[in-house]
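Chemist: Got a file for you: query01.txt, compact mmCIF, C-alpha atoms.
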# COMPACT_ATOMS: atom_id res chain seq x y z
CA LEU A 1 34.16 125.94 80.55
CA LEU A 2 34.31 124.81 76.96
CA PHE A 3 32.19 121.85 76.00
CA VAL A 4 30.94 120.17 72.86
CA LEU A 5 27.68 118.32 73.22
CA GLY A 6 27.90 114.73 72.08
CA THR A 7 31.34 114.06 73.53
CA VAL A 8 29.68 111.38 75.57
CA SER A 9 32.82 110.35 77.40
CA CYS A 10 33.31 113.93 78.62
CA THR A 11 30.14 114.06 80.68
CA LEU A 12 31.73 113.44 84.08
CA PHE A 13 33.13 116.47 85.86
CA LEU A 14 36.29 115.14 87.45
CA VAL A 15 38.72 117.09 89.57
CA VAL A 16 42.06 116.37 87.93
CA ASN A 17 45.21 118.45 88.23
CA GLY A 18 46.32 117.86 84.63
CA LEU A 19 47.15 114.96 82.37
CA TYR A 20 50.86 115.63 81.87
CA SER A 21 53.84 116.15 84.13
CA ALA A 22 57.44 117.39 83.85
CA SER A 23 58.65 113.80 83.46
CA ASP A 24 56.81 113.43 80.15
CA ASP A 25 58.19 114.41 76.75
CA VAL A 26 55.01 116.43 76.25
CA ILE A 27 55.73 120.14 76.86
CA GLU A 28 53.11 121.80 79.06
CA LEU A 29 52.09 125.11 77.47
CA THR A 30 50.45 128.10 79.15
CA PRO A 31 49.65 131.71 78.20
CA THR A 32 52.95 132.65 79.85
CA ASN A 33 55.23 130.47 77.70
CA PHE A 34 53.14 129.80 74.56
CA ASN A 35 54.44 132.75 72.55
CA LYS A 36 58.10 132.06 73.31
CA GLU A 37 57.92 128.27 72.99
CA VAL A 38 55.62 127.92 69.98
CA ILE A 39 55.06 131.18 68.08
CA GLN A 40 58.70 132.31 68.09
CA SER A 41 60.00 128.80 67.40
CA GLU A 42 61.50 127.57 64.15
CA SER A 43 60.29 124.06 65.00
CA LEU A 44 57.14 122.29 63.89
CA TRP A 45 54.72 121.92 66.80
CA LEU A 46 51.81 119.60 67.49
CA VAL A 47 49.68 121.06 70.29
CA GLU A 48 46.79 119.34 72.05
CA PHE A 49 44.17 121.53 73.75
CA TYR A 50 42.53 119.40 76.45
CA ALA A 51 40.38 119.43 79.57
CA PRO A 52 41.44 117.17 82.47
CA TRP A 53 37.87 115.95 83.03
CA CYS A 54 37.32 114.91 79.41
CA GLY A 55 37.23 111.14 78.86
CA HIS A 56 38.46 111.35 75.25
CA CYS A 57 41.42 113.45 76.43
CA GLN A 58 42.25 110.92 79.15
CA ARG A 59 42.26 108.12 76.56
CA LEU A 60 44.45 110.15 74.22
CA THR A 61 47.05 110.91 76.93
CA PRO A 62 49.16 107.69 76.70
CA GLU A 63 49.15 107.87 72.88
CA TRP A 64 50.11 111.56 72.96
CA LYS A 65 52.99 110.80 75.38
CA LYS A 66 54.16 107.90 73.20
CA ALA A 67 54.12 110.12 70.08
CA ALA A 68 56.02 112.87 71.94
CA THR A 69 58.75 110.42 72.93
CA ALA A 70 59.03 109.06 69.37
CA LEU A 71 59.22 112.58 67.89
CA LYS A 72 61.66 113.96 70.48
CA GLY A 73 64.29 116.11 68.80
CA VAL A 74 62.35 116.03 65.52
CA VAL A 75 58.97 117.64 66.18
CA LYS A 76 57.85 119.45 69.33
CA VAL A 77 54.74 118.03 71.03
CA GLY A 78 52.87 120.18 73.53
CA ALA A 79 49.63 120.30 75.52
CA VAL A 80 47.46 123.14 76.82
CA ASP A 81 44.99 122.70 79.67
CA ALA A 82 42.33 124.79 77.89
CA ASP A 83 39.92 124.32 80.77
CA LYS A 84 42.36 126.18 83.02
CA HIS A 85 43.66 128.55 80.31
CA GLN A 86 40.44 129.44 78.51
CA SER A 87 41.88 132.59 76.90
CA LEU A 88 44.47 130.51 75.06
CA GLY A 89 41.87 128.00 73.90
CA GLY A 90 39.55 130.79 72.82
CA GLN A 91 42.34 132.47 70.88
CA TYR A 92 42.64 129.41 68.65
CA GLY A 93 38.91 128.75 68.34
CA VAL A 94 38.88 125.65 70.53
CA ARG A 95 35.26 124.52 70.95
CA GLY A 96 35.67 120.91 72.04
CA PHE A 97 38.18 118.53 73.58
CA PRO A 98 40.61 117.31 72.59
CA THR A 99 41.50 119.72 69.75
CA ILE A 100 44.87 119.23 68.07
CA LYS A 101 46.58 122.00 66.11
CA ILE A 102 49.68 121.86 63.89
CA PHE A 103 51.89 124.95 64.00
CA GLY A 104 54.12 124.86 60.93
CA ALA A 105 56.17 127.51 59.11
CA ASN A 106 53.51 130.19 59.52
CA LYS A 107 52.78 130.10 63.23
CA ASN A 108 49.89 132.54 62.79
CA LYS A 109 48.00 130.02 60.63
CA ALA A 110 47.70 126.84 62.67
CA GLU A 111 46.12 123.85 60.93
CA ASP A 112 43.59 121.48 62.48
CA TYR A 113 44.71 117.87 62.89
CA GLN A 114 41.93 115.58 61.67
CA GLY A 115 43.68 112.21 61.83
CA GLY A 116 43.39 109.23 64.12
CA ARG A 117 44.17 109.33 67.82
CA THR A 118 46.79 106.61 67.97
CA SER A 119 50.49 107.34 68.38
CA ASP A 120 51.16 105.87 64.91
CA ALA A 121 48.63 108.18 63.23
CA ILE A 122 49.93 111.21 65.15
CA VAL A 123 53.56 110.47 64.23
CA ASP A 124 52.65 109.92 60.56
CA ALA A 125 50.84 113.27 60.43
CA ALA A 126 53.75 115.04 62.13
CA LEU A 127 56.29 113.62 59.68
CA SER A 128 54.06 114.49 56.74
CA ALA A 129 53.75 118.09 57.96
CA LEU A 130 57.49 118.22 58.59
CA ARG A 131 58.20 117.00 55.04
CA SER A 132 55.98 119.76 53.64
CA LEU A 133 57.71 122.38 55.77
CA VAL A 134 61.17 121.30 54.63
CA LYS A 135 60.14 121.22 50.96
CA ASP A 136 58.71 124.71 51.27
CA ARG A 137 61.97 125.96 52.73
CA LEU A 138 63.93 124.22 49.98
CA SER A 139 61.87 125.91 47.29
CA GLY A 140 62.17 129.27 49.02
CA ARG A 141 58.44 129.57 49.69
CA SER A 142 58.88 129.89 53.42
CA GLY A 143 61.60 131.22 55.62
CA GLY A 144 60.06 130.01 58.85
CA TYR A 145 59.15 132.31 61.71
CA SER A 146 60.30 135.93 61.73
CA SER A 147 59.71 137.86 64.89
CA GLY A 148 59.63 141.13 63.02
CA LYS A 149 60.87 143.08 66.04
CA GLN A 150 61.11 146.43 64.33
CA SER A 151 61.09 149.70 66.23
CA ARG A 152 58.31 152.20 65.75
CA GLU A 153 60.77 154.46 63.95
CA SER A 154 61.45 151.80 61.30
CA GLY A 155 57.98 152.06 59.80
CA GLY A 156 57.68 148.28 59.61
CA GLY A 157 54.39 146.77 58.48
CA ASP A 158 53.93 144.72 61.66
CA LYS A 159 52.09 147.58 63.36
CA LYS A 160 49.61 148.16 60.52
CA ASP A 161 46.62 147.35 62.74
CA VAL A 162 47.78 149.40 65.73
CA ILE A 163 46.02 152.78 65.57
CA GLU A 164 48.33 155.69 66.43
CA LEU A 165 46.49 158.32 68.48
CA THR A 166 47.37 161.91 69.36
CA ASP A 167 46.10 164.73 71.56
CA ASP A 168 44.07 165.96 68.60
CA SER A 169 42.57 162.63 67.45
CA PHE A 170 41.99 160.83 70.75
CA ASP A 171 38.58 162.17 71.81
CA LYS A 172 37.08 161.89 68.35
CA ASN A 173 38.19 158.28 67.93
CA VAL A 174 38.00 156.84 71.45
CA VAL A 175 35.87 158.76 73.94
CA ASN A 176 32.66 158.80 71.90
CA SER A 177 33.18 155.41 70.24
CA ASP A 178 30.79 152.48 70.55
CA ASP A 179 33.80 150.17 70.21
CA VAL A 180 36.13 148.99 72.97
CA TRP A 181 39.65 150.46 72.90
CA MET A 182 42.83 149.11 74.47
CA VAL A 183 45.34 151.95 74.42
CA GLU A 184 49.06 151.63 75.12
CA PHE A 185 50.83 154.77 76.35
CA TYR A 186 54.52 154.41 75.51
CA ALA A 187 57.82 156.25 75.33
CA PRO A 188 60.12 155.57 72.35
CA TRP A 189 63.18 155.20 74.63
CA CYS A 190 61.46 152.66 76.96
CA GLY A 191 62.92 149.17 76.79
CA HIS A 192 59.76 147.49 78.11
CA CYS A 193 57.77 149.31 75.41
CA LYS A 194 60.09 147.98 72.72
CA ASN A 195 59.64 144.45 74.06
CA LEU A 196 55.86 144.88 74.08
CA GLU A 197 55.68 146.30 70.55
CA PRO A 198 55.72 143.06 68.48
CA GLU A 199 53.26 141.44 70.90
CA TRP A 200 50.92 144.45 70.74
CA ALA A 201 51.17 144.57 66.94
CA ALA A 202 50.50 140.86 66.46
CA ALA A 203 47.60 141.00 68.92
CA ALA A 204 46.12 144.02 67.11
CA THR A 205 45.87 142.08 63.86
CA GLU A 206 44.35 139.01 65.50
CA VAL A 207 41.88 141.03 67.58
CA LYS A 208 40.77 143.07 64.58
CA GLU A 209 39.98 139.86 62.70
CA GLN A 210 38.29 137.98 65.54
CA THR A 211 36.14 140.88 66.76
CA LYS A 212 35.47 142.33 63.29
CA GLY A 213 36.98 145.60 64.44
CA LYS A 214 34.78 145.97 67.54
CA VAL A 215 37.83 145.91 69.83
CA LYS A 216 40.66 148.19 68.75
CA LEU A 217 44.29 148.30 69.87
CA ALA A 218 45.96 151.71 69.79
CA ALA A 219 49.15 153.44 70.86
CA VAL A 220 49.95 156.93 72.15
CA ASP A 221 53.48 158.38 72.30
CA ALA A 222 53.13 159.90 75.76
CA THR A 223 56.34 161.95 75.39
CA VAL A 224 54.77 163.88 72.50
CA ASN A 225 51.09 163.85 73.53
CA GLN A 226 51.56 165.18 77.02
CA MET A 227 48.00 166.47 77.36
CA LEU A 228 46.70 162.89 77.18
CA ALA A 229 49.45 161.61 79.47
CA GLY A 230 48.48 164.24 82.06
CA ARG A 231 44.73 163.65 81.73
CA TYR A 232 45.06 159.91 82.39
CA GLY A 233 47.83 160.15 85.00
CA ILE A 234 50.45 158.22 83.05
CA ARG A 235 53.46 157.76 85.36
CA GLY A 236 55.27 154.79 83.89
CA PHE A 237 55.74 153.05 80.54
CA PRO A 238 54.14 151.15 79.03
CA THR A 239 50.74 151.83 80.62
CA ILE A 240 47.71 150.18 79.00
CA LYS A 241 44.20 151.46 79.62
CA ILE A 242 40.81 150.10 78.52
CA PHE A 243 38.17 152.53 77.30
CA GLN A 244 34.48 151.63 77.00
CA LYS A 245 31.67 154.02 76.20
CA GLY A 246 29.98 155.48 79.26
CA GLU A 247 32.59 154.08 81.69
CA ASP A 248 35.73 155.44 83.29
CA PRO A 249 38.92 154.00 81.80
CA VAL A 250 40.48 151.10 83.71
CA ASP A 251 44.05 149.85 83.81
CA TYR A 252 44.94 146.65 82.00
CA ASP A 253 46.99 144.64 84.46
CA GLY A 254 47.28 141.35 82.56
CA GLY A 255 50.25 139.68 80.93
CA ARG A 256 52.09 141.28 78.04
CA THR A 257 52.27 138.39 75.61
CA ARG A 258 50.23 138.29 72.44
CA SER A 259 48.00 135.54 73.84
CA ASP A 260 47.39 137.43 77.12
CA ILE A 261 46.36 140.57 75.25
CA ILE A 262 44.15 138.70 72.80
CA GLY A 263 42.48 136.77 75.62
CA ARG A 264 41.52 139.97 77.45
CA ALA A 265 40.33 141.59 74.20
CA LEU A 266 38.06 138.65 73.41
CA ASP A 267 36.61 138.77 76.94
CA LEU A 268 35.86 142.46 76.45
CA PHE A 269 34.30 141.70 73.09
CA SER A 270 31.99 138.99 74.42
CA ASP A 271 31.00 141.19 77.40
CA ASN A 272 29.91 143.95 75.01
CA ALA A 273 28.54 141.80 72.18
CA PRO A 274 24.79 141.79 71.62
CA PRO A 275 22.94 138.54 72.40
CA PRO A 276 22.62 136.12 69.49
CA GLU A 277 19.60 136.46 67.24
CA LEU A 278 16.61 134.25 68.01
CA LEU A 279 15.38 132.83 64.69
CA GLU A 280 12.20 131.01 63.74
CA ILE A 281 12.79 127.82 61.72
CA ILE A 282 10.94 128.79 58.53
CA SER A 283 13.23 126.94 56.12
CA GLU A 284 15.98 124.33 55.94
CA ASP A 285 18.54 127.07 55.34
CA VAL A 286 17.76 128.75 58.68
CA LEU A 287 18.29 125.50 60.59
CA LYS A 288 21.44 124.37 58.78
CA SER A 289 23.19 127.73 58.65
CA THR A 290 22.59 128.32 62.37
CA CYS A 291 23.48 124.84 63.60
CA ASP A 292 26.49 124.41 61.29
CA ALA A 293 27.96 127.76 62.35
CA HIS A 294 27.75 127.26 66.11
CA GLN A 295 29.09 124.81 68.67
CA LEU A 296 25.54 124.14 69.85
CA CYS A 297 22.15 125.23 68.61
CA ILE A 298 19.38 125.58 71.17
CA ILE A 299 16.04 124.62 69.58
CA SER A 300 12.71 125.34 71.29
CA VAL A 301 9.36 123.95 70.17
CA LEU A 302 6.63 126.28 71.43
CA PRO A 303 2.92 125.46 71.77
CA HIS A 304 0.61 126.18 68.86
CA ILE A 305 -0.46 129.82 68.68
CA LEU A 306 -4.11 128.83 69.32
CA ASP A 307 -3.03 127.38 72.67
CA THR A 308 -1.12 130.44 73.92
CA GLY A 309 -2.06 133.50 71.89
CA ALA A 310 0.52 136.17 71.08
CA SER A 311 1.10 137.18 74.72
CA GLY A 312 1.80 133.60 75.83
CA ARG A 313 4.18 132.99 72.94
CA ASN A 314 6.01 136.25 73.53
CA SER A 315 6.53 135.31 77.17
CA TYR A 316 8.27 132.10 76.06
CA LEU A 317 10.36 134.01 73.53
CA ASP A 318 11.34 136.52 76.23
CA VAL A 319 12.65 133.69 78.40
CA MET A 320 14.75 132.42 75.49
CA LEU A 321 16.11 135.91 74.77
CA LYS A 322 17.14 136.32 78.42
CA MET A 323 18.97 133.00 78.34
CA ALA A 324 20.62 133.89 75.01
CA GLU A 325 21.90 137.07 76.67
CA LYS A 326 23.11 135.20 79.76
CA TYR A 327 24.99 132.60 77.70
CA LYS A 328 26.11 134.86 74.84
CA LYS A 329 29.79 134.17 75.57
CA LYS A 330 29.19 130.58 74.53
CA MET A 331 28.31 131.80 71.02
CA TRP A 332 25.50 129.27 70.59
CA GLY A 333 22.75 129.50 67.97
CA TRP A 334 19.13 130.00 69.09
CA LEU A 335 16.09 128.73 67.16
CA TRP A 336 12.38 128.12 67.70
CA THR A 337 9.44 126.58 65.89
CA GLU A 338 5.75 125.99 66.54
CA ALA A 339 4.46 122.60 67.62
CA GLY A 340 3.53 120.58 64.54
CA ALA A 341 5.21 122.92 62.04
CA GLN A 342 8.33 120.72 61.87
CA SER A 343 7.02 117.37 63.06
CA ASP A 344 9.91 115.39 61.51
CA LEU A 345 12.42 117.50 63.41
CA GLU A 346 10.46 117.01 66.62
CA SER A 347 10.51 113.24 66.14
CA SER A 348 14.27 113.19 65.45
CA LEU A 349 14.82 115.02 68.75
CA GLY A 350 12.37 112.91 70.73
CA ILE A 351 10.16 115.90 71.43
CA GLY A 352 6.76 115.18 69.89
CA GLY A 353 4.15 113.72 72.18
CA PHE A 354 5.21 114.73 75.69
CA GLY A 355 4.07 118.32 75.83
CA TYR A 356 5.13 121.80 74.89
CA PRO A 357 7.10 123.96 75.23
CA ALA A 358 10.18 121.77 74.80
CA MET A 359 13.87 122.48 74.28
CA ALA A 360 16.81 120.54 72.82
CA ALA A 361 20.50 121.47 72.62
CA VAL A 362 21.98 120.02 69.42
CA ASN A 363 25.56 119.49 68.32
CA ALA A 364 25.20 119.34 64.52
CA ARG A 365 28.79 118.17 64.01
CA LYS A 366 28.30 115.12 66.24
CA MET A 367 24.54 114.85 65.55
CA LYS A 368 23.89 114.47 69.28
CA PHE A 369 21.34 116.25 71.42
CA ALA A 370 20.24 116.74 75.01
CA LEU A 371 16.70 117.52 76.15
CA LEU A 372 15.50 119.99 78.75
CA LYS A 373 13.98 117.85 81.51
CA GLY A 374 13.05 120.69 83.87
CA SER A 375 10.61 123.56 83.49
CA PHE A 376 10.64 125.91 80.51
CA SER A 377 11.51 128.88 82.72
CA GLU A 378 14.56 131.03 83.39
CA GLN A 379 15.50 128.81 86.31
CA GLY A 380 14.85 125.52 84.52
CA ILE A 381 16.63 126.48 81.31
CA ASN A 382 19.53 128.03 83.23
CA GLU A 383 20.03 124.73 85.11
CA PHE A 384 19.92 122.82 81.82
CA LEU A 385 22.44 125.06 80.04
CA ARG A 386 24.74 125.28 83.06
CA GLU A 387 24.91 121.49 83.22
CA LEU A 388 25.89 121.40 79.55
CA SER A 389 28.54 124.07 80.15
CA VAL A 390 30.36 121.96 82.73
CA GLY A 391 30.16 118.70 80.83
CA ARG A 392 27.21 117.11 82.59
CA GLY A 393 23.96 115.82 81.18
CA SER A 394 22.98 112.84 79.07
CA THR A 395 22.95 112.93 75.28
CA ALA A 396 21.37 110.87 72.52
CA PRO A 397 21.94 110.59 68.77
CA VAL A 398 19.69 112.62 66.50
CA GLY A 399 17.15 110.23 64.96
CA GLY A 400 18.36 109.02 61.58
CA GLY A 401 21.82 110.46 62.18
CA ALA A 402 21.00 113.69 60.33
CA PHE A 403 18.51 116.52 60.37
CA PRO A 404 15.26 115.48 58.64
CA LYS A 405 13.53 117.41 55.90
CA ILE A 406 12.57 120.90 57.04
CA HIS A 407 9.34 122.35 55.66
CA SER A 408 9.20 125.95 54.44
CA VAL A 409 6.58 127.80 56.45
CA GLU A 410 5.35 131.36 56.71
CA PRO A 411 6.95 133.25 59.61
CA TRP A 412 4.77 134.10 62.58
CA ASP A 413 3.10 137.49 62.06
CA GLY A 414 3.14 138.32 65.77
CA LYS A 415 -0.62 138.07 66.09
CA ASP A 416 -3.04 135.76 67.89
CA GLY A 417 -3.99 132.73 65.85
CA GLU A 418 -7.34 132.37 64.14
CA LEU A 419 -9.39 129.24 63.75
CA PRO A 420 -9.83 128.22 60.10
CA VAL A 421 -13.02 129.58 58.58
CA GLU A 422 -15.50 126.81 57.73
CA ASP A 423 -17.73 127.14 54.68
CA ASP A 424 -21.43 127.55 55.56
CA ILE A 425 -23.56 124.71 54.13
CA ASP A 426 -26.96 125.75 52.82
CA LEU A 427 -29.40 122.83 53.15
CA SER A 428 -32.56 124.79 52.22
CA ASP A 429 -32.81 123.28 48.73
CA VAL A 430 -32.16 119.68 49.78
CA ASP A 431 -35.15 117.32 50.03
CA LEU A 432 -33.97 115.25 52.94
CA ASP A 433 -36.87 112.77 52.58
CA ASP A 434 -35.93 111.98 48.97
CA TRP A 435 -32.24 111.74 49.90
CA ASP A 436 -33.04 109.24 52.60
CA LYS A 437 -35.07 107.14 50.20
CA ASP A 438 -32.28 107.13 47.61
CA GLU A 439 -29.83 106.02 50.21
CA LEU A 440 -32.03 103.14 51.20
The structure in this file should be written as structure tokens.

Modeler:
Amino acid sequence: LLFVLGTVSCTLFLVVNGLYSASDDVIELTPTNFNKEVIQSESLWLVEFYAPWCGHCQRLTPEWKKAATALKGVVKVGAVDADKHQSLGGQYGVRGFPTIKIFGANKNKAEDYQGGRTSDAIVDAALSALRSLVKDRLSGRSGGYSSGKQSRESGGGDKKDVIELTDDSFDKNVVNSDDVWMVEFYAPWCGHCKNLEPEWAAAATEVKEQTKGKVKLAAVDATVNQMLAGRYGIRGFPTIKIFQKGEDPVDYDGGRTRSDIIGRALDLFSDNAPPPELLEIISEDVLKSTCDAHQLCIISVLPHILDTGASGRNSYLDVMLKMAEKYKKKMWGWLWTEAGAQSDLESSLGIGGFGYPAMAAVNARKMKFALLKGSFSEQGINEFLRELSVGRGSTAPVGGGAFPKIHSVEPWDGKDGELPVEDDIDLSDVDLDDWDKDEL
């Protein structure tokens, strides 16, 4: 489940079947119809990504319906249950609820809606976006959506990120690769293959960008490269197989829309991605860059090195690393500091004074946090993070409404701590009797 800490009204996990129905003017969107309804549409779309259990979403619902009715025939208004359809939410970077996106002339570059959540504000934003779209068309800057359904023989640029493979190049590129490959085996005369082509091409570009090339989409003309077709038992077209290093290839049996393909690719990417880095807070830049770049940052305050030694500290760090691996799909940031090193930060998170180790999950955008109440162990932390993942748990505002000053400190050298060396005091030359007399 997707969740942004600090959305206080979204802390109850309610079983709701959805916030919209067929009788509304809001169009319910799913991975099955999203491409056809939105991406291939000439219309301007406002799309809300929501979760049925989210309080803010529930409060937005009547305003969203009212705006949809007012904009009927002018601007399309849709809604995606991103709790149910996580692949679609993930495709558009949805990290909290509700998220509203505006799909204008370039459907591949949706804009975030940042306005108010009343029907008046929503309608005003829609009309403003519509005015911009029409002016762009008038000036010739935009021709609206083009499906670009060119055949492979046409040499169109749509397939620039689809890697063409052959009998000769396949093993070198795929079999020994550390990357994940999704390979389509096609026949040029196959109608289903032609229908899949623009979806596969569009997905290839999006997947390349979102996974930084770690998941690759490729195509093999199975009528020409018959050795490959025979090796992998290709009997029908198109057949899509997933190749991962050290594993037998498996069939892709998901949907054939751009969003379906991207959703599976991102799941494969997160399954194979390394756990996030665990960083010590040694400067303000480390804290801000980590917390600003992630939905949540998990901050641990560990006991002073003199209290645990290197072995004790490493055992705490190992627990954090295991949890970072377990929850790596959430793409959270992970930080730690030593008790007393960042006392202002501890105070702002309500940590100082009740014992170490301690842990807080912070949403830097909302400046809200939640504290680990259970044990600092795999079980205790797992319970804490699982509660956050499903929208449970109490939150509080960060003290002062912003991160306090962070002190630059030397990073831990991995060794046991040493007590400070005290200077020896030589009293051999001091006449204590005279000193006592002077004092009197």

Chemist: Grab the CA of Lys160 in chain A to CA of Val183 in chain A distance for me, in Å with one decimal place.

Modeler: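 We find that CA of Lys160 in chain A and CA of Val183 in chain A lie 15.0 Å from each other.
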
Chemist: Name the residues in contact with range 393-409 of chain A at a cut-off of 9 Å, using all atoms listed in the file, excluding same-chain residues fewer than 6 positions from it; report them as a ChimeraX atom specification.

Modeler: /A:5-8,11-12,281-285,287-288,341-345,347-350,362,364,366-371,384,387

Chemist: Hey, what's within 6 Å of range 300-315 of chain A if we count only C-alpha atoms and toss same-chain stuff fewer than 2 positions away? As an NGL selection string, please?

Modeler: :A and (317-318 or 336-339 or 356-359 or 415-417)

Chemist: A:Phe243, A:Pro238, A:Ser128, A:Thr30: which is nearest Lys194 in chain A, counting only C-alpha atoms?

Modeler: A:Pro238

Chemist: Counting only C-alpha atoms, which of A:Pro31, A:Gly233, A:Gly340, A:Pro276 gets nearest to Gly263 in chain A?

Modeler: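 Once distances to Gly263 in chain A are computed over only C-alpha atoms, the minimum belongs to A:Pro31.
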
Chemist: Which residue out of A:Asp167, A:Asp120, A:Glu111, A:Glu383 has the minimum interatomic distance to Thr223 in chain A when all atoms listed in the file are used?

Modeler: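 That would be A:Asp167, the residue with the smallest distance to Thr223 in chain A.
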
Chemist: With distances taken over all atoms listed in the file, which of A:Gly230, A:Gly236, A:Gly380, A:Gly140 is nearest to Ala187 in chain A?

Modeler: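 Comparing A:Gly230, A:Gly236, A:Gly380, A:Gly140 against Ala187 in chain A, the winner is A:Gly236.
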
Chemist: Go through A:Thr205, A:Thr118, A:Ser389, A:Asn176 and flag the residue nearest Gly246 in chain A, using all atoms listed in the file for the distances.

Modeler: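 The closest residue to Gly246 in chain A is A:Asn176.
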
Chemist: Mind giving me the straight-line distance from CA of Tyr113 in chain A to CA of Ser21 in chain A in Å, one decimal?

Modeler: 23.2 Å

Chemist: In Å, with one decimal, what is the gap from CA of Ser259 in chain A to CA of Arg117 in chain A?

Modeler: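 Result for CA of Ser259 in chain A versus CA of Arg117 in chain A: 27.2 Å, one decimal.
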
Chemist: Excluding range 105-108 of chain A and its own-chain neighbours fewer than 4 positions away, which residues fall within 12 Å of it when counting all atoms listed in the file? Please give them as a ChimeraX atom specification.

Modeler: /A:34-47,91-92,101,129-137,140-147,202-203,205-206,258-259

Chemist: Choose the residue, out of A:His192, A:Lys66, A:Lys216, A:His294, that has the smallest atom-to-atom separation from Asp161 in chain A; count only C-alpha atoms.

Modeler: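 Answer, going by the shortest atom-to-atom distance: A:Lys216.
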
Chemist: Quick one: residues within 10 Å of Thr69 in chain A, all atoms listed in the file, excluding same-chain residues fewer than 5 positions away - as a PyMOL selection string?

Modeler: chain A and resi 24-26+63-64+74-77+119

Chemist: Which neighbours of Ala293 in chain A fall inside 10 Å, counting only C-alpha atoms, when residues of the same chain fewer than 2 positions from it are skipped, and could you give them as a compact mmCIF listing (two decimals) with C-alpha atoms, in the frame of the given file?

Modeler:
# COMPACT_ATOMS: atom_id res chain seq x y z
CA LYS A 288 21.44 124.37 58.78
CA SER A 289 23.19 127.73 58.65
CA THR A 290 22.59 128.32 62.37
CA CYS A 291 23.48 124.84 63.60
CA GLN A 295 29.09 124.81 68.67
CA LEU A 296 25.54 124.14 69.85
CA CYS A 297 22.15 125.23 68.61
CA MET A 331 28.31 131.80 71.02
CA TRP A 332 25.50 129.27 70.59
CA GLY A 333 22.75 129.50 67.97
CA ALA A 364 25.20 119.34 64.52
CA ARG A 365 28.79 118.17 64.01
